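Structure file my_file-v8.cif; described as mmCIF, C-alpha atoms and all ligand atoms.
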```cif
data_structure
loop_
_atom_site.label_atom_id
_atom_site.label_comp_id
_atom_site.auth_asym_id
_atom_site.auth_seq_id
_atom_site.Cartn_x
_atom_site.Cartn_y
_atom_site.Cartn_z
CA MET F 1 -61.90 3.75 77.72
CA ALA F 2 -63.28 6.65 75.74
CA ASP F 3 -59.69 7.46 74.75
CA GLU F 4 -59.67 4.39 72.54
CA LEU F 5 -62.59 5.82 70.60
CA HIS F 6 -62.00 8.55 68.06
CA HIS F 7 -62.82 12.18 68.50
CA THR F 8 -63.45 14.34 65.49
CA GLU F 9 -64.14 18.04 65.26
CA PRO F 10 -67.56 19.23 66.44
CA PHE F 11 -70.12 19.05 63.65
CA VAL F 12 -71.23 22.68 64.18
CA THR F 13 -69.33 25.81 65.22
CA ASN F 14 -71.37 26.47 68.37
CA PRO F 15 -72.29 23.03 69.78
CA ASP F 16 -73.00 24.23 73.35
CA GLN F 17 -75.64 26.66 72.12
CA VAL F 18 -77.24 24.10 69.81
CA VAL F 19 -77.43 21.52 72.62
CA GLU F 20 -78.88 24.02 75.09
CA GLN F 21 -81.51 25.21 72.62
CA ALA F 22 -82.47 21.64 71.67
CA LEU F 23 -82.83 20.50 75.30
CA ASN F 24 -84.87 23.60 76.16
CA ASP F 25 -87.16 23.05 73.18
CA TYR F 26 -87.36 19.36 74.07
CA GLY F 27 -88.50 20.30 77.56
CA THR F 28 -91.00 22.87 76.32
CA TYR F 29 -92.42 21.20 73.23
CA VAL F 30 -91.71 17.47 73.42
CA ASN F 31 -91.43 16.14 76.96
CA ASP F 32 -90.35 17.98 80.05
CA ALA F 33 -89.55 14.93 82.17
CA MET F 34 -87.43 13.42 79.40
CA ALA F 35 -85.46 16.66 79.01
CA ARG F 36 -84.81 16.73 82.76
CA LEU F 37 -83.74 13.08 82.70
CA TYR F 38 -81.21 13.77 79.93
CA ARG F 39 -79.71 16.57 82.01
CA PHE F 40 -79.77 14.49 85.21
CA MET F 41 -77.91 11.65 83.48
CA GLY F 42 -75.32 14.07 82.15
CA LEU F 43 -76.47 13.47 78.57
CA THR F 44 -76.18 17.13 77.65
CA THR F 45 -75.26 16.44 74.09
CA LEU F 46 -77.04 15.48 70.86
CA GLU F 47 -76.55 12.44 68.66
CA TRP F 48 -75.54 13.77 65.25
CA ALA F 49 -74.18 11.09 62.93
CA ALA F 50 -73.77 7.33 62.96
CA ASN F 51 -72.02 4.55 61.13
CA GLY F 52 -71.75 0.83 61.90
CA ALA F 53 -71.62 0.39 65.67
CA ILE F 54 -70.66 4.03 66.27
CA ILE F 55 -72.87 6.99 67.11
CA SER F 56 -71.12 10.38 67.02
CA ASP F 57 -72.46 13.26 69.05
CA ILE F 58 -72.51 16.90 68.00
CA TYR F 59 -69.09 17.43 69.65
CA GLY F 60 -67.58 14.71 67.48
CA GLN F 61 -67.26 12.25 70.36
CA GLU F 62 -67.89 8.61 69.51
CA TYR F 63 -70.04 6.10 71.38
CA ILE F 64 -70.37 2.36 70.78
CA ASP F 65 -74.04 1.62 70.35
CA CYS F 66 -75.25 -1.51 72.14
CA GLY F 67 -78.73 -0.05 72.59
CA SER F 68 -81.03 1.49 69.98
CA TYR F 69 -83.76 -0.86 71.21
CA GLY F 70 -82.45 -3.67 69.08
CA VAL F 71 -83.13 -1.88 65.80
CA MET F 72 -79.54 -1.60 64.62
CA PHE F 73 -78.75 -5.19 63.78
CA HIS F 74 -77.16 -4.14 60.46
CA GLY F 75 -75.36 -1.24 62.09
CA HIS F 76 -76.11 2.42 61.52
CA SER F 77 -76.23 3.70 57.94
CA HIS F 78 -75.67 0.31 56.36
CA PRO F 79 -74.25 1.31 52.94
CA GLN F 80 -76.39 -1.02 50.79
CA VAL F 81 -79.58 -0.19 52.64
CA VAL F 82 -78.88 3.54 52.45
CA ALA F 83 -78.05 3.24 48.74
CA ALA F 84 -81.28 1.35 48.01
CA VAL F 85 -83.35 3.95 49.87
CA ARG F 86 -81.52 6.85 48.21
CA GLU F 87 -82.09 5.39 44.74
CA GLN F 88 -85.79 4.87 45.45
CA LEU F 89 -86.06 8.35 46.97
CA ASP F 90 -84.87 9.90 43.73
CA ARG F 91 -87.28 7.76 41.72
CA MET F 92 -90.49 7.79 43.79
CA ALA F 93 -90.59 8.11 47.57
CA MET F 94 -94.19 7.27 48.42
CA HIS F 95 -96.69 5.05 46.67
CA GLY F 96 -99.80 6.43 45.02
CA ARG F 97 -101.64 3.37 46.34
CA THR F 98 -103.77 3.00 43.20
CA LEU F 99 -101.24 1.39 40.87
CA PRO F 100 -99.29 -1.57 42.23
CA HIS F 101 -95.58 -1.18 43.00
CA LYS F 102 -92.85 -3.75 42.65
CA TRP F 103 -91.16 -3.44 46.03
CA VAL F 104 -93.94 -4.51 48.33
CA ALA F 105 -94.39 -7.71 46.30
CA ALA F 106 -90.64 -8.34 46.26
CA LEU F 107 -90.34 -7.84 50.01
CA GLY F 108 -93.30 -10.17 50.62
CA LYS F 109 -91.47 -12.83 48.62
CA CYS F 110 -88.19 -12.25 50.53
CA LEU F 111 -90.00 -12.61 53.86
CA ALA F 112 -91.77 -15.79 52.76
CA GLU F 113 -88.34 -17.18 51.84
CA ILE F 114 -86.65 -16.45 55.17
CA THR F 115 -89.53 -17.09 57.58
CA PRO F 116 -89.96 -20.69 58.69
CA GLY F 117 -92.38 -23.32 57.33
CA ASP F 118 -95.38 -22.30 55.30
CA LEU F 119 -95.61 -18.68 56.46
CA GLN F 120 -96.39 -16.94 53.19
CA TYR F 121 -98.52 -13.78 53.03
CA SER F 122 -97.32 -10.50 54.53
CA PHE F 123 -99.17 -7.34 55.49
CA PHE F 124 -96.86 -4.36 55.92
CA CYS F 125 -97.21 -1.63 58.51
CA ASN F 126 -94.89 0.82 60.23
CA SER F 127 -94.02 -0.47 63.71
CA GLY F 128 -93.96 -3.46 66.01
CA ALA F 129 -97.10 -2.51 67.92
CA GLU F 130 -99.02 -2.11 64.68
CA ALA F 131 -97.82 -5.51 63.51
CA ASN F 132 -99.08 -7.16 66.71
CA GLU F 133 -102.32 -5.19 66.56
CA GLY F 134 -102.97 -6.55 63.07
CA ALA F 135 -101.89 -10.07 64.05
CA LEU F 136 -104.38 -10.10 66.92
CA LYS F 137 -107.16 -8.94 64.55
CA LEU F 138 -106.23 -11.56 61.99
CA ALA F 139 -106.28 -14.32 64.63
CA ARG F 140 -109.63 -13.11 66.00
CA ALA F 141 -111.14 -13.05 62.51
CA PHE F 142 -109.93 -16.59 61.88
CA THR F 143 -111.01 -18.18 65.17
CA LYS F 144 -114.01 -15.89 65.87
CA LYS F 145 -113.01 -16.18 69.53
CA PRO F 146 -112.14 -13.15 71.68
CA GLY F 147 -109.86 -14.82 74.24
CA VAL F 148 -106.09 -14.35 74.02
CA ILE F 149 -103.46 -16.01 76.20
CA ALA F 150 -100.36 -13.85 76.65
CA THR F 151 -97.52 -13.98 79.15
CA LYS F 152 -96.43 -12.09 82.24
CA GLY F 153 -93.54 -9.73 81.53
CA ALA F 154 -94.36 -9.70 77.81
CA PHE F 155 -93.90 -6.60 75.71
CA HIS F 156 -95.87 -6.33 72.49
CA GLY F 157 -96.16 -2.55 72.10
CA LYS F 158 -98.29 0.26 73.49
CA THR F 159 -101.34 0.53 71.24
CA PHE F 160 -104.52 -0.74 72.92
CA GLY F 161 -104.50 -4.30 71.57
CA ALA F 162 -100.74 -4.75 71.90
CA LEU F 163 -100.83 -3.21 75.38
CA SER F 164 -103.64 -5.56 76.39
CA ALA F 165 -101.30 -8.43 75.50
CA SER F 166 -98.33 -6.86 77.32
CA GLY F 167 -97.52 -7.80 80.85
CA ARG F 168 -96.33 -4.83 82.92
CA GLU F 169 -98.92 -3.06 85.09
CA LEU F 170 -97.00 0.22 85.11
CA TYR F 171 -97.77 0.71 81.42
CA ARG F 172 -101.26 -0.79 81.50
CA GLU F 173 -102.97 0.55 84.60
CA PRO F 174 -103.52 4.21 83.54
CA PHE F 175 -105.41 3.05 80.45
CA TYR F 176 -107.89 0.62 81.98
CA PRO F 177 -110.16 -0.82 80.80
CA LEU F 178 -108.01 -2.48 78.16
CA LEU F 179 -109.40 -5.01 75.68
CA PRO F 180 -111.31 -7.77 77.47
CA GLY F 181 -110.43 -11.44 77.15
CA PHE F 182 -106.65 -11.31 77.71
CA ILE F 183 -105.21 -13.81 80.18
CA HIS F 184 -101.58 -13.57 81.35
CA VAL F 185 -99.76 -16.73 82.36
CA PRO F 186 -96.11 -17.22 83.42
CA PHE F 187 -93.64 -17.22 80.52
CA GLY F 188 -91.74 -20.42 79.78
CA ASP F 189 -94.38 -22.90 80.93
CA TRP F 190 -96.55 -24.38 78.15
CA ARG F 191 -98.61 -26.26 80.72
CA ALA F 192 -99.73 -22.91 82.17
CA VAL F 193 -100.99 -21.98 78.70
CA GLU F 194 -102.88 -25.24 78.36
CA ALA F 195 -104.41 -24.79 81.81
CA ALA F 196 -105.70 -21.33 80.78
CA VAL F 197 -107.48 -22.54 77.62
CA THR F 198 -111.27 -22.03 77.74
CA PRO F 199 -113.89 -22.26 74.98
CA GLU F 200 -113.55 -18.45 74.49
CA VAL F 201 -109.78 -18.57 73.87
CA GLY F 202 -108.67 -18.53 70.24
CA THR F 203 -105.15 -17.08 70.28
CA VAL F 204 -101.80 -17.45 72.02
CA ILE F 205 -99.24 -14.66 71.61
CA VAL F 206 -95.65 -14.91 72.89
CA GLU F 207 -92.17 -13.61 72.20
CA PRO F 208 -89.99 -16.71 71.60
CA ILE F 209 -87.41 -15.02 73.85
CA GLN F 210 -88.77 -12.23 76.03
CA GLY F 211 -86.81 -9.06 75.28
CA GLU F 212 -88.20 -6.23 77.41
CA GLY F 213 -89.13 -8.80 80.06
CA GLY F 214 -85.41 -9.10 80.76
CA VAL F 215 -84.00 -11.35 78.02
CA ILE F 216 -85.70 -14.52 79.20
CA VAL F 217 -84.76 -17.58 77.17
CA PRO F 218 -87.45 -20.25 77.71
CA PRO F 219 -86.77 -23.94 78.42
CA ASP F 220 -86.33 -26.07 75.30
CA ASP F 221 -89.74 -27.70 75.60
CA TYR F 222 -91.61 -24.36 75.63
CA LEU F 223 -92.10 -23.50 71.97
CA PRO F 224 -92.70 -27.11 70.86
CA GLY F 225 -95.14 -27.44 73.79
CA LEU F 226 -97.00 -24.28 72.73
CA ARG F 227 -97.24 -25.54 69.15
CA ASP F 228 -98.69 -28.79 70.39
CA VAL F 229 -101.22 -27.10 72.72
CA CYS F 230 -102.36 -24.78 69.92
CA ASP F 231 -102.71 -27.65 67.47
CA ARG F 232 -104.70 -29.77 69.90
CA HIS F 233 -107.06 -26.92 70.90
CA GLY F 234 -107.35 -25.24 67.50
CA LEU F 235 -105.68 -22.01 68.64
CA VAL F 236 -103.77 -19.52 66.48
CA LEU F 237 -100.15 -19.20 67.64
CA ILE F 238 -98.54 -15.77 67.17
CA PHE F 239 -94.81 -15.32 67.63
CA ASP F 240 -93.83 -11.72 68.19
CA GLU F 241 -90.34 -11.57 66.63
CA VAL F 242 -90.27 -7.78 66.54
CA GLN F 243 -87.13 -7.76 68.67
CA THR F 244 -85.77 -11.26 68.14
CA GLY F 245 -86.29 -11.54 64.38
CA MET F 246 -83.98 -10.77 61.46
CA GLY F 247 -80.91 -12.47 62.90
CA ARG F 248 -80.70 -10.84 66.32
CA THR F 249 -80.46 -14.12 68.24
CA GLY F 250 -78.05 -15.85 65.86
CA LYS F 251 -80.77 -17.43 63.69
CA TYR F 252 -83.02 -15.65 61.20
CA PHE F 253 -85.85 -15.92 63.73
CA ALA F 254 -85.64 -16.99 67.36
CA CYS F 255 -88.22 -19.72 66.74
CA ASN F 256 -85.65 -21.38 64.42
CA HIS F 257 -83.67 -22.34 67.55
CA TRP F 258 -86.48 -24.75 68.42
CA ASP F 259 -87.67 -25.51 64.90
CA VAL F 260 -91.20 -24.34 65.60
CA THR F 261 -93.36 -22.45 63.09
CA PRO F 262 -96.13 -20.17 64.37
CA ASP F 263 -99.35 -19.42 62.46
CA ILE F 264 -98.53 -15.71 62.42
CA LEU F 265 -95.12 -14.11 62.87
CA THR F 266 -94.61 -10.38 63.46
CA THR F 267 -91.46 -8.43 62.66
CA ALA F 268 -90.34 -4.79 62.77
CA LYS F 269 -87.20 -3.15 64.26
CA ALA F 270 -84.32 -4.59 62.15
CA LEU F 271 -86.59 -5.33 59.17
CA GLY F 272 -85.90 -1.81 57.88
CA GLY F 273 -82.14 -2.39 58.08
CA GLY F 274 -81.81 0.42 60.63
CA VAL F 275 -82.72 2.95 57.95
CA MET F 276 -86.51 2.90 57.57
CA PRO F 277 -89.35 2.11 59.99
CA ILE F 278 -91.37 -0.91 58.87
CA GLY F 279 -93.33 -3.74 60.46
CA ALA F 280 -94.83 -6.90 59.00
CA ILE F 281 -97.38 -9.56 59.81
CA THR F 282 -96.54 -12.80 58.02
CA ALA F 283 -99.14 -15.56 58.13
CA LYS F 284 -99.97 -19.01 56.82
CA PRO F 285 -102.44 -18.94 53.90
CA PRO F 286 -105.57 -20.19 55.74
CA ILE F 287 -105.09 -17.69 58.57
CA PHE F 288 -104.60 -14.83 56.10
CA GLU F 289 -107.86 -15.64 54.34
CA LEU F 290 -109.84 -12.66 55.63
CA PHE F 291 -107.20 -10.18 54.47
CA ASN F 292 -106.99 -12.03 51.15
CA ASP F 293 -110.77 -11.95 50.70
CA ASN F 294 -111.04 -8.29 51.58
CA PRO F 295 -107.77 -6.35 51.23
CA TYR F 296 -109.39 -3.18 52.59
CA ILE F 297 -110.51 -4.76 55.86
CA HIS F 298 -107.17 -3.81 57.47
CA SER F 299 -105.03 -1.08 55.93
CA SER F 300 -102.36 1.53 56.55
CA THR F 301 -101.64 4.61 54.43
CA PHE F 302 -97.88 4.37 54.81
CA GLY F 303 -97.65 0.59 55.29
CA GLY F 304 -95.64 -1.06 52.53
CA ASN F 305 -94.37 2.22 51.12
CA PRO F 306 -91.57 1.93 48.56
CA LEU F 307 -88.83 3.45 50.73
CA ALA F 308 -89.52 1.07 53.60
CA CYS F 309 -89.82 -1.92 51.27
CA VAL F 310 -86.56 -1.33 49.40
CA ALA F 311 -84.88 -0.93 52.80
CA GLY F 312 -86.35 -4.29 53.87
CA ILE F 313 -85.22 -6.03 50.69
CA ALA F 314 -81.69 -4.63 51.03
CA ALA F 315 -81.67 -5.53 54.74
CA ILE F 316 -82.56 -9.17 54.01
CA LYS F 317 -79.99 -9.31 51.20
CA ALA F 318 -77.32 -7.98 53.58
CA LEU F 319 -78.13 -10.69 56.12
CA LYS F 320 -77.33 -13.27 53.48
CA ASP F 321 -74.44 -11.58 51.63
CA GLU F 322 -72.55 -10.58 54.76
CA GLY F 323 -73.34 -13.58 56.93
CA LEU F 324 -74.72 -11.23 59.60
CA VAL F 325 -76.80 -13.94 61.25
CA GLU F 326 -73.76 -16.19 61.65
CA GLN F 327 -71.73 -13.23 62.90
CA ALA F 328 -74.38 -12.55 65.54
CA ALA F 329 -74.13 -16.16 66.75
CA GLU F 330 -70.33 -16.07 66.96
CA LYS F 331 -69.94 -12.63 68.48
CA GLY F 332 -72.77 -13.30 70.91
CA ALA F 333 -71.09 -16.49 72.13
CA TYR F 334 -67.82 -14.58 72.65
CA ILE F 335 -69.57 -11.84 74.65
CA LEU F 336 -71.58 -14.28 76.76
CA ASN F 337 -68.48 -16.29 77.59
CA ARG F 338 -66.57 -13.18 78.75
CA LEU F 339 -69.53 -11.92 80.76
CA ARG F 340 -69.96 -15.28 82.46
CA GLN F 341 -66.34 -15.08 83.60
CA LEU F 342 -67.03 -11.60 84.98
CA ARG F 343 -70.07 -12.90 86.79
CA GLN F 344 -67.93 -15.37 88.71
CA GLU F 345 -65.97 -12.41 90.11
CA TYR F 346 -69.03 -10.37 91.09
CA PRO F 347 -71.94 -12.77 91.70
CA GLN F 348 -73.69 -10.29 94.04
CA VAL F 349 -73.76 -7.51 91.46
CA LEU F 350 -74.05 -9.56 88.29
CA ARG F 351 -76.73 -12.00 89.30
CA ASP F 352 -77.15 -13.59 85.89
CA VAL F 353 -75.89 -13.30 82.35
CA ARG F 354 -78.04 -14.78 79.60
CA GLY F 355 -79.19 -14.51 76.04
CA LYS F 356 -78.79 -15.81 72.53
CA GLY F 357 -76.77 -14.27 69.74
CA LEU F 358 -76.60 -10.51 70.17
CA LEU F 359 -79.56 -10.21 72.52
CA ILE F 360 -77.85 -10.35 75.89
CA GLY F 361 -79.20 -9.58 79.34
CA LEU F 362 -77.22 -8.70 82.44
CA GLU F 363 -79.38 -9.19 85.50
CA MET F 364 -78.10 -6.91 88.21
CA GLY F 365 -78.38 -7.74 91.90
CA LYS F 366 -80.48 -4.62 92.51
CA GLU F 367 -82.39 -2.18 90.30
CA ALA F 368 -80.07 0.55 91.64
CA HIS F 369 -77.10 -1.29 90.10
CA SER F 370 -78.66 -0.83 86.66
CA GLY F 371 -78.66 2.95 87.01
CA VAL F 372 -75.02 2.96 88.13
CA MET F 373 -74.06 0.70 85.25
CA ILE F 374 -75.91 2.63 82.54
CA ALA F 375 -74.43 5.94 83.74
CA GLU F 376 -70.93 4.47 84.10
CA LEU F 377 -71.08 2.92 80.64
CA ALA F 378 -72.37 6.16 79.10
CA ALA F 379 -69.43 7.96 80.76
CA GLN F 380 -67.18 5.44 79.01
CA HIS F 381 -69.00 6.06 75.73
CA VAL F 382 -70.82 2.77 75.58
CA ILE F 383 -74.59 2.98 75.12
CA VAL F 384 -76.77 0.28 76.72
CA ILE F 385 -80.38 0.21 77.87
CA HIS F 386 -82.39 -1.44 80.60
CA SER F 387 -85.33 -3.72 79.83
CA LEU F 388 -88.63 -1.81 79.83
CA ASN F 389 -90.52 -4.48 81.78
CA ASN F 390 -87.64 -5.51 84.04
CA PRO F 391 -85.39 -2.54 84.86
CA SER F 392 -82.83 -4.58 86.81
CA VAL F 393 -81.84 -6.27 83.55
CA ILE F 394 -79.49 -4.31 81.30
CA ARG F 395 -79.62 -5.25 77.65
CA LEU F 396 -76.73 -5.41 75.24
CA SER F 397 -77.96 -5.53 71.66
CA PRO F 398 -75.01 -4.41 69.54
CA PRO F 399 -75.08 -4.58 65.75
CA ALA F 400 -73.77 -7.71 64.05
CA VAL F 401 -71.16 -5.53 62.32
CA ILE F 402 -69.55 -4.58 65.64
CA THR F 403 -65.83 -5.44 65.50
CA TYR F 404 -64.08 -7.63 68.08
CA GLU F 405 -61.98 -4.60 69.01
CA GLN F 406 -65.15 -2.66 69.76
CA ILE F 407 -66.58 -5.64 71.65
CA ASP F 408 -63.48 -5.68 73.87
CA ILE F 409 -63.94 -1.98 74.61
CA VAL F 410 -67.56 -2.68 75.58
CA LEU F 411 -66.57 -5.61 77.79
CA ASP F 412 -63.88 -3.59 79.56
CA ALA F 413 -66.44 -0.85 80.17
CA VAL F 414 -68.91 -3.40 81.55
CA SER F 415 -66.19 -4.73 83.92
CA LYS F 416 -65.56 -1.23 85.18
CA GLY F 417 -69.29 -0.61 85.56
CA VAL F 418 -69.75 -3.80 87.57
CA ALA F 419 -66.75 -2.93 89.76
CA GLN F 420 -68.26 0.54 90.26
CA ALA F 421 -71.63 -0.92 91.27
CA ALA F 422 -69.83 -3.27 93.71
CA ALA F 423 -67.94 -0.30 95.17
CA VAL F 424 -71.19 1.67 95.64
CA ASP F 425 -72.59 -1.37 97.49
CA ALA F 426 -69.53 -1.59 99.72
CA GLU F 427 -69.96 2.09 100.72
CA LEU F 428 -73.57 1.59 101.82
C1 LIG W 1 -91.14 -7.91 71.27
C2 LIG W 1 -91.64 -6.55 70.93
N1 LIG W 1 -92.85 -6.40 70.37
C3 LIG W 1 -93.33 -5.21 70.03
C4 LIG W 1 -92.62 -4.06 70.28
C5 LIG W 1 -93.20 -2.73 69.93
O1 LIG W 1 -92.57 -2.23 68.79
P1 LIG W 1 -92.74 -0.69 68.42
O2 LIG W 1 -92.05 0.10 69.48
O3 LIG W 1 -92.09 -0.57 67.07
O4 LIG W 1 -94.20 -0.42 68.36
C6 LIG W 1 -91.35 -4.15 70.86
C7 LIG W 1 -90.57 -2.96 71.15
O5 LIG W 1 -89.60 -2.94 71.87
C8 LIG W 1 -90.86 -5.42 71.20
O6 LIG W 1 -89.66 -5.57 71.79
#
```

What does this structure look like when you write it as structure tokens?
Ligand SMILES: Cc1ncc(COP(=O)(O)O)c(C=O)c1O
Amino acid sequence: MADELHHTEPFVTNPDQVVEQALNDYGTYVNDAMARLYRFMGLTTLEWAANGAIISDIYGQEYIDCGSYGVMFHGHSHPQVVAAVREQLDRMAMHGRTLPHKWVAALGKCLAEITPGDLQYSFFCNSGAEANEGALKLARAFTKKPGVIATKGAFHGKTFGALSASGRELYREPFYPLLPGFIHVPFGDWRAVEAAVTPEVGTVIVEPIQGEGGVIVPPDDYLPGLRDVCDRHGLVLIFDEVQTGMGRTGKYFACNHWDVTPDILTTAKALGGGVMPIGAITAKPPIFELFNDNPYIHSSTFGGNPLACVAGIAAIKALKDEGLVEQAAEKGAYILNRLRQLRQEYPQVLRDVRGKGLLIGLEMGKEAHSGVMIAELAAQHVIVIHSLNNPSVIRLSPPAVITYEQIDIVLDAVSKGVAQAAAVDAEL
């Protein structure tokens, strides 16, 4: 498989030494366990350059990137996003924060245009967790109620508020006590949300499609049901579209699949076009009132900086100009169809195949299968990841610019990986 990918010359004259030094320093100064894991998985290399769906390592070997935690919807080094950032870098990289700058206002307008319904005002921050943190504060300030209904298996980030809303004990337990007032109900069942409403509850936060929970697409009545429950009980509905937003699922936002508008929508990941980190909280005017009344009540030094904002503007323009959202829908359907055929051959290993657009989950029969698959795919120069809250589900989240030729390479590699996992099973 890897033969079909290009090899160039190594990027440095002594790659082995550079890799060894970097992994040693990683182990000594960054994270020892992570450095050992890289070695254990045979990842004794360094990523060095990237373009489109391809990451090149220091040896000049190419990998097709279906991972990158869903950030790379536009592909690596998207030319228009890079150009916009480069131009701004030469002009003025960071804001002085006393005078206004054009780009934050322009990006706010772009987001209001592409987000559904009457979502209008945006607060900009630097990551998905920060966006959810701010969204939870905004909702609390509006409702004056501390209770939040979240879902089992949810992933909203790892800061205290976002973690309190997240649903996997492994990440929560060492940090107890988390914020009080969070209730976790099963995902996909709006009646479970309604049953959990008490006079203290003011907010509901969900991912329209759970990403790290294992790419769980809810039943069609879920989002409309949540909207209705929130309207009837006066609750603020937050959709965390950090992973699903910006075209990933074949619509601008996953909630567009069900035509439901939340009161607050959070974005990050692909909002920076794969070039800059940026997050955003976009809210309806009445909900945003506190931030509007007192703009210093919630702030971030780097949030809304010019580099991140011009990246966001260029990223949104690219979605439109290049039809990336439509491409995600088409390419996703092609991949899902092929994977469903593969599933019929290996139902024990490939228990389920699901997703929307280019957010695709492969549920493996056993957690051990995931490890075999990820290693086998890496050996074939295809990068995938497992879901953080559901490790038996492997996620494919390739960029929308991936070519059909590259998709076929990925699918062949997945077939081999599944066959490999089946063979390991047969030996046991
Ligand atoms: C749905 C969702 N929300 C929030 C986050 C957290 O984003 P970040 O890692 O940028 O803080 C993630 C990250 O994977 C996510 O998938």

Practice prompt. Return as a ChimeraX atom specification the residues of protein, DNA or RNA that approach ligand LIG 1 (chain W) to within 9 Å, with all atoms listed in the file taken into account.
Written response: /F:69-71,126-132,154-159,162,166,206-213,240-244,266-269,277-279,388

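Among the candidates F:Val193, F:Leu179, F:Val418, F:Ala329, the one nearest to Gly250 (chain F) when counting all atoms listed in the file is F:Ala329.
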
Closest pair table for region 240-333 of chain F residues within 8 Å of region 111-125 of chain F, only C-alpha atoms, as CSV:
```
residue,atom,partner,partner_atom,distance
F:Tyr252,CA,F:Ile114,CA,7.1
F:Phe253,CA,F:Thr115,CA,7.3
F:Asn256,CA,F:Pro116,CA,7.2
F:Val260,CA,F:Pro116,CA,7.9
F:Thr261,CA,F:Pro116,CA,5.8
F:Asp263,CA,F:Leu119,CA,7.1
F:Ile264,CA,F:Leu119,CA,7.3
F:Leu265,CA,F:Leu119,CA,7.9
F:Ile278,CA,F:Cys125,CA,5.9
F:Gly279,CA,F:Cys125,CA,4.8
F:Ala280,CA,F:Phe124,CA,4.5
F:Ile281,CA,F:Phe123,CA,5.2
F:Thr282,CA,F:Ser122,CA,4.3
F:Ala283,CA,F:Leu119,CA,5.0
F:Lys284,CA,F:Leu119,CA,4.4
F:Pro285,CA,F:Gln120,CA,6.4
F:Phe288,CA,F:Tyr121,CA,6.9
F:Ser300,CA,F:Cys125,CA,6.4
F:Phe302,CA,F:Cys125,CA,7.1
F:Gly303,CA,F:Cys125,CA,3.9
F:Gly304,CA,F:Phe124,CA,4.9
```

Item to complete: Just the residues within 9 Å of Leu411 (chain F), please, counting all atoms listed in the file, with nothing from its chain fewer than 5 positions along; format it as a ChimeraX atom specification.
Response: /F:335,338-339,406,416

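Considering the residues F:Asn389, F:Gln21, F:Asn305, F:Thr403 and counting only C-alpha atoms, Tyr334 (chain F) has its shortest atom-to-atom contact with F:Thr403.
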
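Comparing the minimum interatomic distances between His101 (chain F) and each of F:Glu62, F:Leu342, F:Asp16, F:Gln88, counting only C-alpha atoms, we find that F:Gln88 sits nearest.
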
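Counting from CA of Asp25 (chain F), the distance to CA of Tyr171 (chain F) is 26.1 Å.
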
Discussion item. I'd like the neighbourhood of Ala422 (chain F) as a ChimeraX atom specification, where a residue qualifies if any of its atoms comes within 12 Å (using all atoms listed in the file), though same-chain residues fewer than 5 positions away should be ignored.
Written reply: /F:343,345-351,364-366,368-370,372-373,415-417,427-428

Discussion item. Considering all atoms listed in the file, can you say which of F:Thr198, F:Gln420, F:Pro79, F:Gly134 comes closest to Ser299 (chain F)?
Written reply: F:Gly134

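Nearest-residue note for Gly312 (chain F): choosing from F:Pro15, F:Gly167, F:Gly108, F:Gly60, the minimum distance belongs to F:Gly108, counting only C-alpha atoms.
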
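Checking F:Leu358, F:Ile216, F:Leu170, F:Ala308 one by one against Leu89 (chain F), counting only C-alpha atoms, you find the shortest gap at F:Ala308.
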
Give me the residues within 7 Å of Val81 (chain F) as a PDB file with C-alpha atoms, in the frame of the given file, counting all atoms listed in the file and dropping any in the same chain fewer than 2 places off.
```pdb
ATOM      1  CA  HIS F  78     -75.670   0.310  56.360  1.00  0.00           C
ATOM      2  CA  PRO F  79     -74.250   1.310  52.940  1.00  0.00           C
ATOM      3  CA  ALA F  83     -78.050   3.240  48.740  1.00  0.00           C
ATOM      4  CA  ALA F  84     -81.280   1.350  48.010  1.00  0.00           C
ATOM      5  CA  VAL F  85     -83.350   3.950  49.870  1.00  0.00           C
ATOM      6  CA  GLY F 273     -82.140  -2.390  58.080  1.00  0.00           C
ATOM      7  CA  VAL F 275     -82.720   2.950  57.950  1.00  0.00           C
ATOM      8  CA  ALA F 311     -84.880  -0.930  52.800  1.00  0.00           C
ATOM      9  CA  ALA F 314     -81.690  -4.630  51.030  1.00  0.00           C
ATOM     10  CA  ALA F 315     -81.670  -5.530  54.740  1.00  0.00           C
TER      11      ALA F 315
END
```

Discussion item. Please list as a PyMOL selection string every residue within 6 Å of Met72 (chain F), counting only C-alpha atoms and excluding residues in the same chain fewer than 3 positions away.
Written reply: chain F and resi 75+274+399

Discussion item. Env of Leu37 (chain F): 12 Å cut, atoms = only C-alpha atoms, seq-sep filter 5 positions within chain, self excluded. Answer as an MDAnalysis selection string.
Written reply: chainID F and resid 23 26:27 31:32 42:44 375

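If you look at CA of Cys255 (chain F) and CA of Gly188 (chain F), they are 13.5 Å away from each other.
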
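Atom pair CA of Ser164 (chain F) / CA of Pro391 (chain F) has a distance of 20.3 Å (rounded to one decimal).
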